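A.B. asks: This is the structure, below, for whatever I ask next.
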Amino acid sequence: MQGPLIDTLARQGVTRRTFLKYCATLASMMALPPSAGRAMAEAMAAARRPSVIWLPFQECTGCTESITRSHSPTLEGMIFDMISLDYQVTIMAAAGHQAEEALRNAMLENDGKYLLVVDGSIPMGDPGYGTHGGHSFVDHLQQAAKGAAAIIAVGTCASYGGIPKANPNPTGAVSVSDIIKDKPIVNIPGCPPIPVVMTGVLAHYLTFGSLPELDAKGRPKAFFGETIHDRCYRRPFYDQGKFAKTFDDEGARRGWCLFELGCKGPVTYNACATVKWNGGTSWPVESGHGCLGCSEPDFWDAGGFYKALSVPADPLKLAAAAAVVGAGAGVAVSFANRAKKGAAKKAHQPITLADLEK
Amino acid sequence: MSASLDKVTQTLKEVIDAPIASYFDSCVHCGLCAEACLFYTETGDPKYTPIHKVEPLRRVYEQEYTLLGRLMKMVGLSKPITDEELGEWQELVYDSCTLCGRCSMVCPVGNDIVYMVRKFREGMAVSGHVPDGIRGATKRTVEIGGPMGLKWPAVANVLRKAEEATGVTIPVDKEGADYLVLLSSMEIVNYPEYIEALAKIFHKAGISFTLASDAFEATNAGIQIGASDLAKVIVTRIVDAAERLKVKYVLSPECGHAYMAIRWEGPNLIGRPFGFKVVHVLELLDQLRQEGVLKMKGMFKDPLILHDPCQIVRRGGVLQAPEALIRQVAENYIPIADQQKWNWCCGGGGGASAIHTEEAEALRAKAFGVKKRQIEEAGVGTMVTFCANCRITIEEALDHYEMNTKLLGLTELLAEHLED
Amino acid sequence: MNDLQFLTWVRGTGLDIAVGIFLLGVLWRLIEIYTLGRKKDLAAPRHAAGASGLHTVFRRSLPPPGMLKRSPVSYIGGYIFHIGLAVIVFLGAPHILLITNLTGLSWPGLPTQFIDLVTVVTMAAMVVMLVDRINKPVKRFLSTFEDWFTWAVTFLPVLTGWLAVQHLLLPYTTMLALHILSAEILLVVLPFTKLFHAFTLFGSRWYNGSANARKGVPV
């Protein structure tokens, strides 16, 4: 274990001033009071790096890529250094029994204190769908969760099952929170998730010793409090009723709203529109494509990426049959009615004066 | 289900048709029909809302002719109509509905509520829940020949007197005449001047006409009570006489529902179109006016307003003639706001005037409130109308309110000012 | 079921079922009603009925003389909420998109802010109409469960749509799903309640207009 974070940063050429500024930005992003920035900086600067165990399950490594492989060295990347990543099969040098040994050691040494990061969903259909060292993913998760102080589910797969869970969910994929019920869990959904969210959660944990405030879906409210649509720079076009109809029409070139092209911004809670990607370079809608809603549960099965939210998610299958049945029922009733009326007319007996008496 | 109740549903099943179904399914309970009904506007009692008056008919329609209604009836969610209920509805269907048709004009979804009430009366008639007055009138018309029990000798007597007064012969049972003239008992008894006026006008215009000794009565209480079979018996007399005498036209008297009965219901009652034309007396007079035959002398000076009888104007389609004619003789004719097809009923149409229970008479007097206001607002001392039934009703009401408004018949007024 | 799944269900299966029941119900009821037939009118018409039925279909949308004064709430409130509903349904961009998707027809919509305003006005008119139904003796007298129920079923899609757009009460996704669900409930109950007047009104006005035209009375 190395010394406090500030020393590491200093060795990498990050000044105290830069670091303070970064912490202040982070605090504001998380809707914390300005004083929290300083507190954060002080806490992180002095923090002993907590042990982190990172378990990958049914995943594509996109989440790891997102967080570790920034195009240029970023503060996020450096902050990554503030943890002691004791186990991460994708990037650790050790393999096989050595790696398993490292995992066991980390769990023993930091029992009750380590953070467990999970990416990928857990297959419940058959334990054989995913194993490490002869143990199923679910066993791994349950073992590792036991001694964890908290769990961070990174990416939509770990948070909600993600793409592996997409219909028909062949592996019976579930999320971390479907299995672990007795530990605090933070979901950082996204496919992949925004790196700064990860940093923010870690910073919060280091500063306050607790997880940030979460919403009903277990996401940090600070980053997932608003929809893409509400923060979208193209929103004025929506309000004016100006929509791109195809990806290469005049509207698309003018940067009009992508709602009609299937943008899921209105129902997607994430910070892409404000934080952007790749160091603030751009983000999907800015690049001309509608939001896929990747940070929402079951986004893969939400009726197609290119179908507007207000159109049927599936083609109507019953309409024609229903119309036929309805017409059939109508004709049947009408035959019955005509027969009934005919019978009543046939049975008609002329009304006499006597009938008018009670 | 009692035998009579069974007959009610059977009858209603016969008369319920696509318009009835469409009307019931269109009603949104907006209550605007109430605002068009004088029995509601003058009493403020919501039970007089026109569409409510056919509520039992709605239930029969739903229970007999809609799939959902049948299911609801099967599981007991929709209760069958009861005899007691029909008893309660008698007042709503007869006393407080004059078939005036104002509601049918305002209904925003287009429901012809009078059409519905008329059909519902078919069921009410066989239930026996009918006012004694209309039952008696129907009985007398079928058995004796007219609602007031008038027989031909009495009519002949009146005709003789008219001949004496005018010096014009009034032919009876004359084959090949152009016009078969019908009368209403009320005119014969209460307003014999009508007959004199008519004789003078025909004579002046040189039109041949006749009366039929076996078909002088134009009114049809069978329609008012809602018994089409009996109405058919009554109307058949006229058709037979008209065909026997080979007339070209049958002249309906002023009486509103007589016109409706022979002009609009007649062919449907006997099940075939007429070979002759039915003409309302005002239509004929207006035609004569246009031909220049009807020349007037001297004008009626007092300011007056017109009361348009519902069945002739709104439900009968004689829209322009009355005003055109009154302008011939009245110097101070004052058009009122709700006139012609928007007129307010006198309160005694549809058979209501034949109901002589205390409640019905009190209700009628109350309903006259709207007419009373019209007279008072116009500030006139004279009102002219062209329906014997309206005249009776209005005169009763004028008495009731001790108003000294003068009430005149249009045809007589014209006859009085006819150039000799 | 989470909110997005809920939304996807109402956009998929739910819509399929609702449109199915709607079509089934509309066809069934229209046939049930209009095949009951009617007797030919044998009385010689004063005028041929011609297009009078059609005239009445339009003309009956205007208040007859004196009626506006007698029942201003019914007319003004009725106009506002019917026109409001039509504007929202047929000129709101997401709604046009749905219609386009289902029918292939397309036309330009109105700005969101304008639709928002219309929505608020429509809701206000509907509330006034409800209060009028409670307060006016005739309306209260005529009202059955169905009247209150159909009011709610018509009001809810407007309310939930507005709440969703305004981000009130519930997260947008859930509210949008509720909005679509409430519109589906409206579709399902429409053929079987007085809301069916949306269809039969044309038939009723037609019958009334042509029958009166035969008598020579324009109505």
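In the structure tokens, chains take the letters A, B, ... in the order shown, each chain's residues start at 1, and ligands count up from 1 in the order shown.
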Name all residues at most 7 Å from segment 345-358 of chain A (count only C-alpha atoms; drop same-chain ones fewer than 4 positions away) and give them as a VMD selection string.
C.D. replies: (chain A and resid 341) or (chain B and resid 14 125 to 129 135 139 227 229 to 230)
A.B. asks: Mind writing the picked residues with N, CA, C and O atoms as a PDB file, in the first residue's frame?
C.D. replies:
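Generated output (part02.pdb):
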ATOM      1  N   LYS A 341     -86.932  -9.395 -33.380  1.00  0.00           N
ATOM      2  CA  LYS A 341     -87.883  -8.375 -33.780  1.00  0.00           C
ATOM      3  C   LYS A 341     -88.934  -8.984 -34.714  1.00  0.00           C
ATOM      4  O   LYS A 341     -90.130  -8.704 -34.613  1.00  0.00           O
TER       5      LYS A 341
ATOM      6  N   GLU B  14     -91.086  -4.589 -31.032  1.00  0.00           N
ATOM      7  CA  GLU B  14     -91.516  -4.345 -32.410  1.00  0.00           C
ATOM      8  C   GLU B  14     -91.125  -2.954 -32.883  1.00  0.00           C
ATOM      9  O   GLU B  14     -90.774  -2.771 -34.038  1.00  0.00           O
ATOM     10  N   ALA B 125     -99.352   2.208 -23.944  1.00  0.00           N
ATOM     11  CA  ALA B 125    -100.760   1.991 -24.257  1.00  0.00           C
ATOM     12  C   ALA B 125    -101.176   0.573 -23.875  1.00  0.00           C
ATOM     13  O   ALA B 125    -102.218   0.365 -23.243  1.00  0.00           O
ATOM     14  N   VAL B 126    -100.349  -0.417 -24.253  1.00  0.00           N
ATOM     15  CA  VAL B 126    -100.746  -1.794 -23.943  1.00  0.00           C
ATOM     16  C   VAL B 126    -100.544  -2.131 -22.468  1.00  0.00           C
ATOM     17  O   VAL B 126    -101.082  -3.119 -21.982  1.00  0.00           O
ATOM     18  N   SER B 127     -99.765  -1.303 -21.769  1.00  0.00           N
ATOM     19  CA  SER B 127     -99.604  -1.554 -20.330  1.00  0.00           C
ATOM     20  C   SER B 127    -100.860  -1.103 -19.586  1.00  0.00           C
ATOM     21  O   SER B 127    -101.092  -1.479 -18.444  1.00  0.00           O
ATOM     22  N   GLY B 128    -101.644  -0.292 -20.245  1.00  0.00           N
ATOM     23  CA  GLY B 128    -102.861   0.205 -19.596  1.00  0.00           C
ATOM     24  C   GLY B 128    -102.608   1.427 -18.732  1.00  0.00           C
ATOM     25  O   GLY B 128    -103.536   2.000 -18.178  1.00  0.00           O
ATOM     26  N   HIS B 129    -101.332   1.820 -18.618  1.00  0.00           N
ATOM     27  CA  HIS B 129    -101.035   3.014 -17.819  1.00  0.00           C
ATOM     28  C   HIS B 129    -101.203   4.246 -18.696  1.00  0.00           C
ATOM     29  O   HIS B 129    -100.231   4.864 -19.124  1.00  0.00           O
ATOM     30  N   ARG B 135    -107.709   7.831 -22.961  1.00  0.00           N
ATOM     31  CA  ARG B 135    -108.331   6.530 -23.198  1.00  0.00           C
ATOM     32  C   ARG B 135    -109.781   6.732 -23.661  1.00  0.00           C
ATOM     33  O   ARG B 135    -110.220   6.143 -24.647  1.00  0.00           O
ATOM     34  N   LYS B 139    -111.420   5.755 -27.233  1.00  0.00           N
ATOM     35  CA  LYS B 139    -112.581   4.877 -27.256  1.00  0.00           C
ATOM     36  C   LYS B 139    -113.707   5.511 -28.068  1.00  0.00           C
ATOM     37  O   LYS B 139    -114.294   4.867 -28.934  1.00  0.00           O
ATOM     38  N   ALA B 227    -101.426   3.892 -29.714  1.00  0.00           N
ATOM     39  CA  ALA B 227    -101.864   2.582 -30.189  1.00  0.00           C
ATOM     40  C   ALA B 227    -102.019   2.647 -31.697  1.00  0.00           C
ATOM     41  O   ALA B 227    -103.067   3.036 -32.217  1.00  0.00           O
ATOM     42  N   ASP B 229    -102.436   0.436 -33.903  1.00  0.00           N
ATOM     43  CA  ASP B 229    -103.511  -0.371 -34.494  1.00  0.00           C
ATOM     44  C   ASP B 229    -104.829   0.395 -34.491  1.00  0.00           C
ATOM     45  O   ASP B 229    -105.580   0.347 -35.462  1.00  0.00           O
ATOM     46  N   LEU B 230    -105.078   1.086 -33.393  1.00  0.00           N
ATOM     47  CA  LEU B 230    -106.313   1.862 -33.302  1.00  0.00           C
ATOM     48  C   LEU B 230    -106.224   3.112 -34.172  1.00  0.00           C
ATOM     49  O   LEU B 230    -107.191   3.502 -34.823  1.00  0.00           O
TER      50      LEU B 230
END
A.B. asks: Compile a residue-level contact table for chain C against chain A at a cut-off of 6 Å, reporting for every qualifying residue the shortest atom pair and its distance in Å to one decimal, with only C-alpha atoms counted, rows ordered by chain and ascending number, as JSON lines.
C.D. replies:
{"residue": "C:Thr8", "atom": "CA", "partner": "A:Ala302", "partner_atom": "CA", "distance": 5.2}
{"residue": "C:Arg11", "atom": "CA", "partner": "A:Pro312", "partner_atom": "CA", "distance": 4.9}
{"residue": "C:Gly12", "atom": "CA", "partner": "A:Ala313", "partner_atom": "CA", "distance": 4.5}
{"residue": "C:Asp16", "atom": "CA", "partner": "A:Leu316", "partner_atom": "CA", "distance": 5.0}
{"residue": "C:Gly20", "atom": "CA", "partner": "A:Ala319", "partner_atom": "CA", "distance": 4.6}
{"residue": "C:Leu23", "atom": "CA", "partner": "A:Ala323", "partner_atom": "CA", "distance": 5.3}
{"residue": "C:Leu24", "atom": "CA", "partner": "A:Gly326", "partner_atom": "CA", "distance": 3.8}
{"residue": "C:Gly25", "atom": "CA", "partner": "A:Gly326", "partner_atom": "CA", "distance": 6.0}
{"residue": "C:Leu27", "atom": "CA", "partner": "A:Ala327", "partner_atom": "CA", "distance": 5.2}
{"residue": "C:Trp28", "atom": "CA", "partner": "A:Gly330", "partner_atom": "CA", "distance": 3.9}
{"residue": "C:Ile31", "atom": "CA", "partner": "A:Gly330", "partner_atom": "CA", "distance": 5.0}
{"residue": "C:Glu32", "atom": "CA", "partner": "A:Gly330", "partner_atom": "CA", "distance": 5.1}
{"residue": "C:Thr35", "atom": "CA", "partner": "A:Ser334", "partner_atom": "CA", "distance": 6.0}
{"residue": "C:Pro94", "atom": "CA", "partner": "A:Ser310", "partner_atom": "CA", "distance": 5.5}
{"residue": "C:Leu98", "atom": "CA", "partner": "A:Val311", "partner_atom": "CA", "distance": 4.7}
{"residue": "C:Pro111", "atom": "CA", "partner": "A:Gln240", "partner_atom": "CA", "distance": 4.4}
{"residue": "C:Thr112", "atom": "CA", "partner": "A:Asp239", "partner_atom": "CA", "distance": 4.6}
{"residue": "C:Thr173", "atom": "CA", "partner": "A:Val267", "partner_atom": "CA", "distance": 5.0}
A.B. asks: Give me, as a VMD selection string, the contact residues of chain B against chain A at a cut-off of 10 Å, counting only C-alpha atoms.
C.D. replies: chain B and resid 4 7 9 to 17 64 to 67 122 124 to 132 134 to 136 138 to 139 142 to 143 222 225 to 230
A.B. asks: Those residues you just picked out, can you put them in a file as a PDB file, in the first residue's frame with C-alpha atoms?
C.D. replies:
ATOM      1  CA  SER B   4     -99.594  -7.137 -19.776  1.00  0.00           C
ATOM      2  CA  LYS B   7     -97.118  -7.498 -24.050  1.00  0.00           C
ATOM      3  CA  THR B   9     -91.928  -5.686 -24.031  1.00  0.00           C
ATOM      4  CA  GLN B  10     -93.262  -7.467 -27.097  1.00  0.00           C
ATOM      5  CA  THR B  11     -94.680  -4.206 -28.400  1.00  0.00           C
ATOM      6  CA  LEU B  12     -91.537  -2.247 -27.624  1.00  0.00           C
ATOM      7  CA  LYS B  13     -89.450  -4.932 -29.297  1.00  0.00           C
ATOM      8  CA  GLU B  14     -91.516  -4.345 -32.410  1.00  0.00           C
ATOM      9  CA  VAL B  15     -91.054  -0.601 -32.453  1.00  0.00           C
ATOM     10  CA  ILE B  16     -87.420  -0.254 -31.386  1.00  0.00           C
ATOM     11  CA  ASP B  17     -85.376   0.468 -34.483  1.00  0.00           C
ATOM     12  CA  GLU B  64     -83.380  -6.918 -25.678  1.00  0.00           C
ATOM     13  CA  TYR B  65     -81.149  -5.664 -28.443  1.00  0.00           C
ATOM     14  CA  THR B  66     -77.629  -5.174 -27.107  1.00  0.00           C
ATOM     15  CA  LEU B  67     -75.283  -7.971 -26.188  1.00  0.00           C
ATOM     16  CA  GLU B 122     -96.952   2.201 -27.941  1.00  0.00           C
ATOM     17  CA  MET B 124     -97.457   2.397 -22.444  1.00  0.00           C
ATOM     18  CA  ALA B 125    -100.760   1.991 -24.257  1.00  0.00           C
ATOM     19  CA  VAL B 126    -100.746  -1.794 -23.943  1.00  0.00           C
ATOM     20  CA  SER B 127     -99.604  -1.554 -20.330  1.00  0.00           C
ATOM     21  CA  GLY B 128    -102.861   0.205 -19.596  1.00  0.00           C
ATOM     22  CA  HIS B 129    -101.035   3.014 -17.819  1.00  0.00           C
ATOM     23  CA  VAL B 130    -102.726   5.696 -19.842  1.00  0.00           C
ATOM     24  CA  PRO B 131    -104.656   8.762 -18.730  1.00  0.00           C
ATOM     25  CA  ASP B 132    -108.405   8.230 -18.536  1.00  0.00           C
ATOM     26  CA  ILE B 134    -107.006  10.053 -23.645  1.00  0.00           C
ATOM     27  CA  ARG B 135    -108.331   6.530 -23.198  1.00  0.00           C
ATOM     28  CA  GLY B 136    -111.868   7.885 -23.318  1.00  0.00           C
ATOM     29  CA  THR B 138    -109.617   7.020 -28.164  1.00  0.00           C
ATOM     30  CA  LYS B 139    -112.581   4.877 -27.256  1.00  0.00           C
ATOM     31  CA  VAL B 142    -113.030   4.291 -32.469  1.00  0.00           C
ATOM     32  CA  GLU B 143    -116.554   3.482 -31.347  1.00  0.00           C
ATOM     33  CA  GLY B 222    -105.036   6.533 -31.329  1.00  0.00           C
ATOM     34  CA  ILE B 225    -102.348   7.317 -26.776  1.00  0.00           C
ATOM     35  CA  GLY B 226     -99.769   5.421 -28.799  1.00  0.00           C
ATOM     36  CA  ALA B 227    -101.864   2.582 -30.189  1.00  0.00           C
ATOM     37  CA  SER B 228    -100.980   2.375 -33.858  1.00  0.00           C
ATOM     38  CA  ASP B 229    -103.511  -0.371 -34.494  1.00  0.00           C
ATOM     39  CA  LEU B 230    -106.313   1.862 -33.302  1.00  0.00           C
TER      40      LEU B 230
END
A.B. asks: Between B:Val158, B:Cys387, B:Val106, B:Leu92, which one has atoms that come closest to Tyr75 of chain C, using only C-alpha atoms?
C.D. replies: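 Going through B:Val158, B:Cys387, B:Val106, B:Leu92 one by one, the smallest distance to Tyr75 of chain C is for B:Val106.
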A.B. asks: Using only C-alpha atoms, find the residues of chain B whose closest atom to chain C is at most 8 Å away, then write them as a ChimeraX atom specification.
C.D. replies: /B:16-19,21-23,25-32,34-36,45-47,49,52,65-66,104-112,263-268,271-274,314-319,341
A.B. asks: May I ask for the distance between atom CA of Ala27 of chain A and atom CA of Ile152 of chain A, given in Å to one decimal place?
C.D. replies: 19.3 Å
A.B. asks: Quick check, in Å to one decimal: how far apart do atom CA of Val26 of chain C and atom CA of His179 of chain C lie?
C.D. replies: 22.2 Å
A.B. asks: By how many Å are atom CA of His400 of chain B and atom CA of Gly349 of chain B apart?
C.D. replies: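 That distance, rounded to one decimal, is 17.9 Å.
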A.B. asks: Go through segment 65-219 of chain A and collect every residue that DSSP, computed from the backbone, puts in strand (DSSP E); the answer should be as a PyMOL selection string.
C.D. replies: chain A and resi 84-88+115-119+122-123+131-132+135-136+150-154+173-174+185-188
A.B. asks: Please provide as a list in words all residues within 12 Å of Gly209 of chain A, with the sequence filter that same-chain residues fewer than 6 positions apart are discarded (counting only C-alpha atoms).
C.D. replies: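 Counting only C-alpha atoms, the residues come to Met40, Ala43, Met44, Ala47, Pro50, Lys113, Leu115, Ala149, Ala150, Val201, Leu202 and Ala203 of chain A.
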A.B. asks: Restricted to all heavy atoms, what would the selected residues look like written as a PDB file, in the first residue's frame?
C.D. replies:
ATOM      1  N   MET A  40     -13.908  17.322   0.696  1.00  0.00           N
ATOM      2  CA  MET A  40     -13.623  16.184  -0.165  1.00  0.00           C
ATOM      3  C   MET A  40     -12.142  16.110  -0.480  1.00  0.00           C
ATOM      4  O   MET A  40     -11.512  15.054  -0.399  1.00  0.00           O
ATOM      5  CB  MET A  40     -14.429  16.358  -1.458  1.00  0.00           C
ATOM      6  CG  MET A  40     -15.063  15.114  -1.967  1.00  0.00           C
ATOM      7  SD  MET A  40     -15.975  15.571  -3.436  1.00  0.00           S
ATOM      8  CE  MET A  40     -17.530  14.915  -3.040  1.00  0.00           C
ATOM      9  N   ALA A  43     -10.244  15.104   2.585  1.00  0.00           N
ATOM     10  CA  ALA A  43     -10.457  13.711   2.930  1.00  0.00           C
ATOM     11  C   ALA A  43      -9.730  12.806   1.954  1.00  0.00           C
ATOM     12  O   ALA A  43      -9.048  11.860   2.355  1.00  0.00           O
ATOM     13  CB  ALA A  43     -11.953  13.390   2.926  1.00  0.00           C
ATOM     14  N   MET A  44      -9.866  13.163   0.653  1.00  0.00           N
ATOM     15  CA  MET A  44      -9.252  12.288  -0.329  1.00  0.00           C
ATOM     16  C   MET A  44      -7.739  12.380  -0.290  1.00  0.00           C
ATOM     17  O   MET A  44      -7.052  11.394  -0.476  1.00  0.00           O
ATOM     18  CB  MET A  44      -9.781  12.630  -1.720  1.00  0.00           C
ATOM     19  CG  MET A  44     -11.148  12.041  -1.965  1.00  0.00           C
ATOM     20  SD  MET A  44     -11.524  11.997  -3.690  1.00  0.00           S
ATOM     21  CE  MET A  44     -11.916  13.692  -3.972  1.00  0.00           C
ATOM     22  N   ALA A  47      -6.705  10.332   2.508  1.00  0.00           N
ATOM     23  CA  ALA A  47      -7.260   8.987   2.657  1.00  0.00           C
ATOM     24  C   ALA A  47      -6.239   7.896   2.419  1.00  0.00           C
ATOM     25  O   ALA A  47      -5.365   8.017   1.563  1.00  0.00           O
ATOM     26  CB  ALA A  47      -8.425   8.829   1.686  1.00  0.00           C
ATOM     27  N   PRO A  50      -8.623   2.601   0.033  1.00  0.00           N
ATOM     28  CA  PRO A  50      -9.391   1.426   0.439  1.00  0.00           C
ATOM     29  C   PRO A  50      -9.170   0.274  -0.542  1.00  0.00           C
ATOM     30  O   PRO A  50      -8.903   0.494  -1.710  1.00  0.00           O
ATOM     31  CB  PRO A  50     -10.842   1.898   0.371  1.00  0.00           C
ATOM     32  CG  PRO A  50     -10.818   2.970  -0.639  1.00  0.00           C
ATOM     33  CD  PRO A  50      -9.465   3.616  -0.592  1.00  0.00           C
ATOM     34  N   LYS A 113     -14.399  -4.261   5.245  1.00  0.00           N
ATOM     35  CA  LYS A 113     -14.019  -2.897   4.907  1.00  0.00           C
ATOM     36  C   LYS A 113     -13.895  -2.662   3.405  1.00  0.00           C
ATOM     37  O   LYS A 113     -13.934  -1.530   2.946  1.00  0.00           O
ATOM     38  CB  LYS A 113     -12.670  -2.554   5.578  1.00  0.00           C
ATOM     39  CG  LYS A 113     -12.798  -2.345   7.079  1.00  0.00           C
ATOM     40  CD  LYS A 113     -11.447  -2.033   7.716  1.00  0.00           C
ATOM     41  CE  LYS A 113     -10.601  -3.286   7.753  1.00  0.00           C
ATOM     42  NZ  LYS A 113      -9.402  -3.198   8.621  1.00  0.00           N
ATOM     43  N   LEU A 115     -14.423  -2.456  -0.656  1.00  0.00           N
ATOM     44  CA  LEU A 115     -15.521  -2.150  -1.585  1.00  0.00           C
ATOM     45  C   LEU A 115     -15.538  -3.241  -2.644  1.00  0.00           C
ATOM     46  O   LEU A 115     -14.486  -3.635  -3.146  1.00  0.00           O
ATOM     47  CB  LEU A 115     -15.281  -0.812  -2.282  1.00  0.00           C
ATOM     48  CG  LEU A 115     -15.523   0.451  -1.477  1.00  0.00           C
ATOM     49  CD1 LEU A 115     -15.095   1.663  -2.310  1.00  0.00           C
ATOM     50  CD2 LEU A 115     -16.992   0.566  -1.095  1.00  0.00           C
ATOM     51  N   ALA A 149     -17.954  -3.807   2.529  1.00  0.00           N
ATOM     52  CA  ALA A 149     -18.599  -2.694   3.230  1.00  0.00           C
ATOM     53  C   ALA A 149     -19.756  -2.196   2.374  1.00  0.00           C
ATOM     54  O   ALA A 149     -20.790  -1.799   2.900  1.00  0.00           O
ATOM     55  CB  ALA A 149     -17.598  -1.566   3.459  1.00  0.00           C
ATOM     56  N   ALA A 150     -19.543  -2.195   1.069  1.00  0.00           N
ATOM     57  CA  ALA A 150     -20.594  -1.753   0.132  1.00  0.00           C
ATOM     58  C   ALA A 150     -20.272  -2.344  -1.222  1.00  0.00           C
ATOM     59  O   ALA A 150     -19.142  -2.778  -1.473  1.00  0.00           O
ATOM     60  CB  ALA A 150     -20.625  -0.229   0.037  1.00  0.00           C
ATOM     61  N   VAL A 201     -18.765   8.709  -6.762  1.00  0.00           N
ATOM     62  CA  VAL A 201     -19.207   7.782  -5.717  1.00  0.00           C
ATOM     63  C   VAL A 201     -18.041   7.447  -4.787  1.00  0.00           C
ATOM     64  O   VAL A 201     -18.167   7.459  -3.558  1.00  0.00           O
ATOM     65  CB  VAL A 201     -19.811   6.504  -6.344  1.00  0.00           C
ATOM     66  CG1 VAL A 201     -20.061   5.458  -5.282  1.00  0.00           C
ATOM     67  CG2 VAL A 201     -21.089   6.853  -7.078  1.00  0.00           C
ATOM     68  N   LEU A 202     -16.863   7.217  -5.392  1.00  0.00           N
ATOM     69  CA  LEU A 202     -15.695   6.908  -4.577  1.00  0.00           C
ATOM     70  C   LEU A 202     -15.323   8.086  -3.691  1.00  0.00           C
ATOM     71  O   LEU A 202     -15.051   7.932  -2.496  1.00  0.00           O
ATOM     72  CB  LEU A 202     -14.505   6.548  -5.477  1.00  0.00           C
ATOM     73  CG  LEU A 202     -14.547   5.139  -6.083  1.00  0.00           C
ATOM     74  CD1 LEU A 202     -13.395   4.964  -7.054  1.00  0.00           C
ATOM     75  CD2 LEU A 202     -14.502   4.079  -4.996  1.00  0.00           C
ATOM     76  N   ALA A 203     -15.341   9.283  -4.299  1.00  0.00           N
ATOM     77  CA  ALA A 203     -14.986  10.488  -3.550  1.00  0.00           C
ATOM     78  C   ALA A 203     -15.934  10.667  -2.368  1.00  0.00           C
ATOM     79  O   ALA A 203     -15.526  10.988  -1.246  1.00  0.00           O
ATOM     80  CB  ALA A 203     -15.043  11.704  -4.459  1.00  0.00           C
TER      81      ALA A 203
END
A.B. asks: Report the closest atom pair, with its distance in Å rounded to one decimal, for each residue of segment 70-165 of chain B that has an atom no farther than 9 Å from segment 200-213 of chain B; count only C-alpha atoms, sort by chain and then rising residue number, and write it as CSV.
C.D. replies:
residue,atom,partner,partner_atom,distance
B:Trp152,CA,B:Ser213,CA,6.2
B:Pro153,CA,B:Ser213,CA,9.0
B:Val155,CA,B:Ser213,CA,8.7
B:Ala156,CA,B:Ser213,CA,8.3
A.B. asks: Would you mind exporting N, CA and C atoms of the selected residues as a compact mmCIF listing (two decimals), in the first residue's frame?
C.D. replies:
# COMPACT_ATOMS: atom_id res chain seq x y z
N TRP B 152 -122.64 12.13 -36.77
CA TRP B 152 -122.88 12.87 -38.00
C TRP B 152 -124.08 13.83 -37.94
N PRO B 153 -125.23 13.39 -37.41
CA PRO B 153 -126.37 14.32 -37.38
C PRO B 153 -126.04 15.65 -36.73
N VAL B 155 -123.11 17.02 -36.64
CA VAL B 155 -122.24 17.74 -37.56
C VAL B 155 -123.07 18.35 -38.69
N ALA B 156 -123.96 17.55 -39.20
CA ALA B 156 -124.81 18.01 -40.30
C ALA B 156 -125.58 19.25 -39.88
A.B. asks: Among segment 99-192 of chain C, which ones does DSSP assign to alpha helix (DSSP H) (computed from the backbone)? Answer as a ChimeraX atom specification.
C.D. replies: /C:99-103,112-135,137-142,145-166,172-189
A.B. asks: Counting only C-alpha atoms, figure out which residue out of A:Leu20, A:Leu211, A:Ala244, A:Met107 gets nearest to Pro34 of chain A.
C.D. replies: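 Selected residue with least distance to Pro34 of chain A: A:Leu20.
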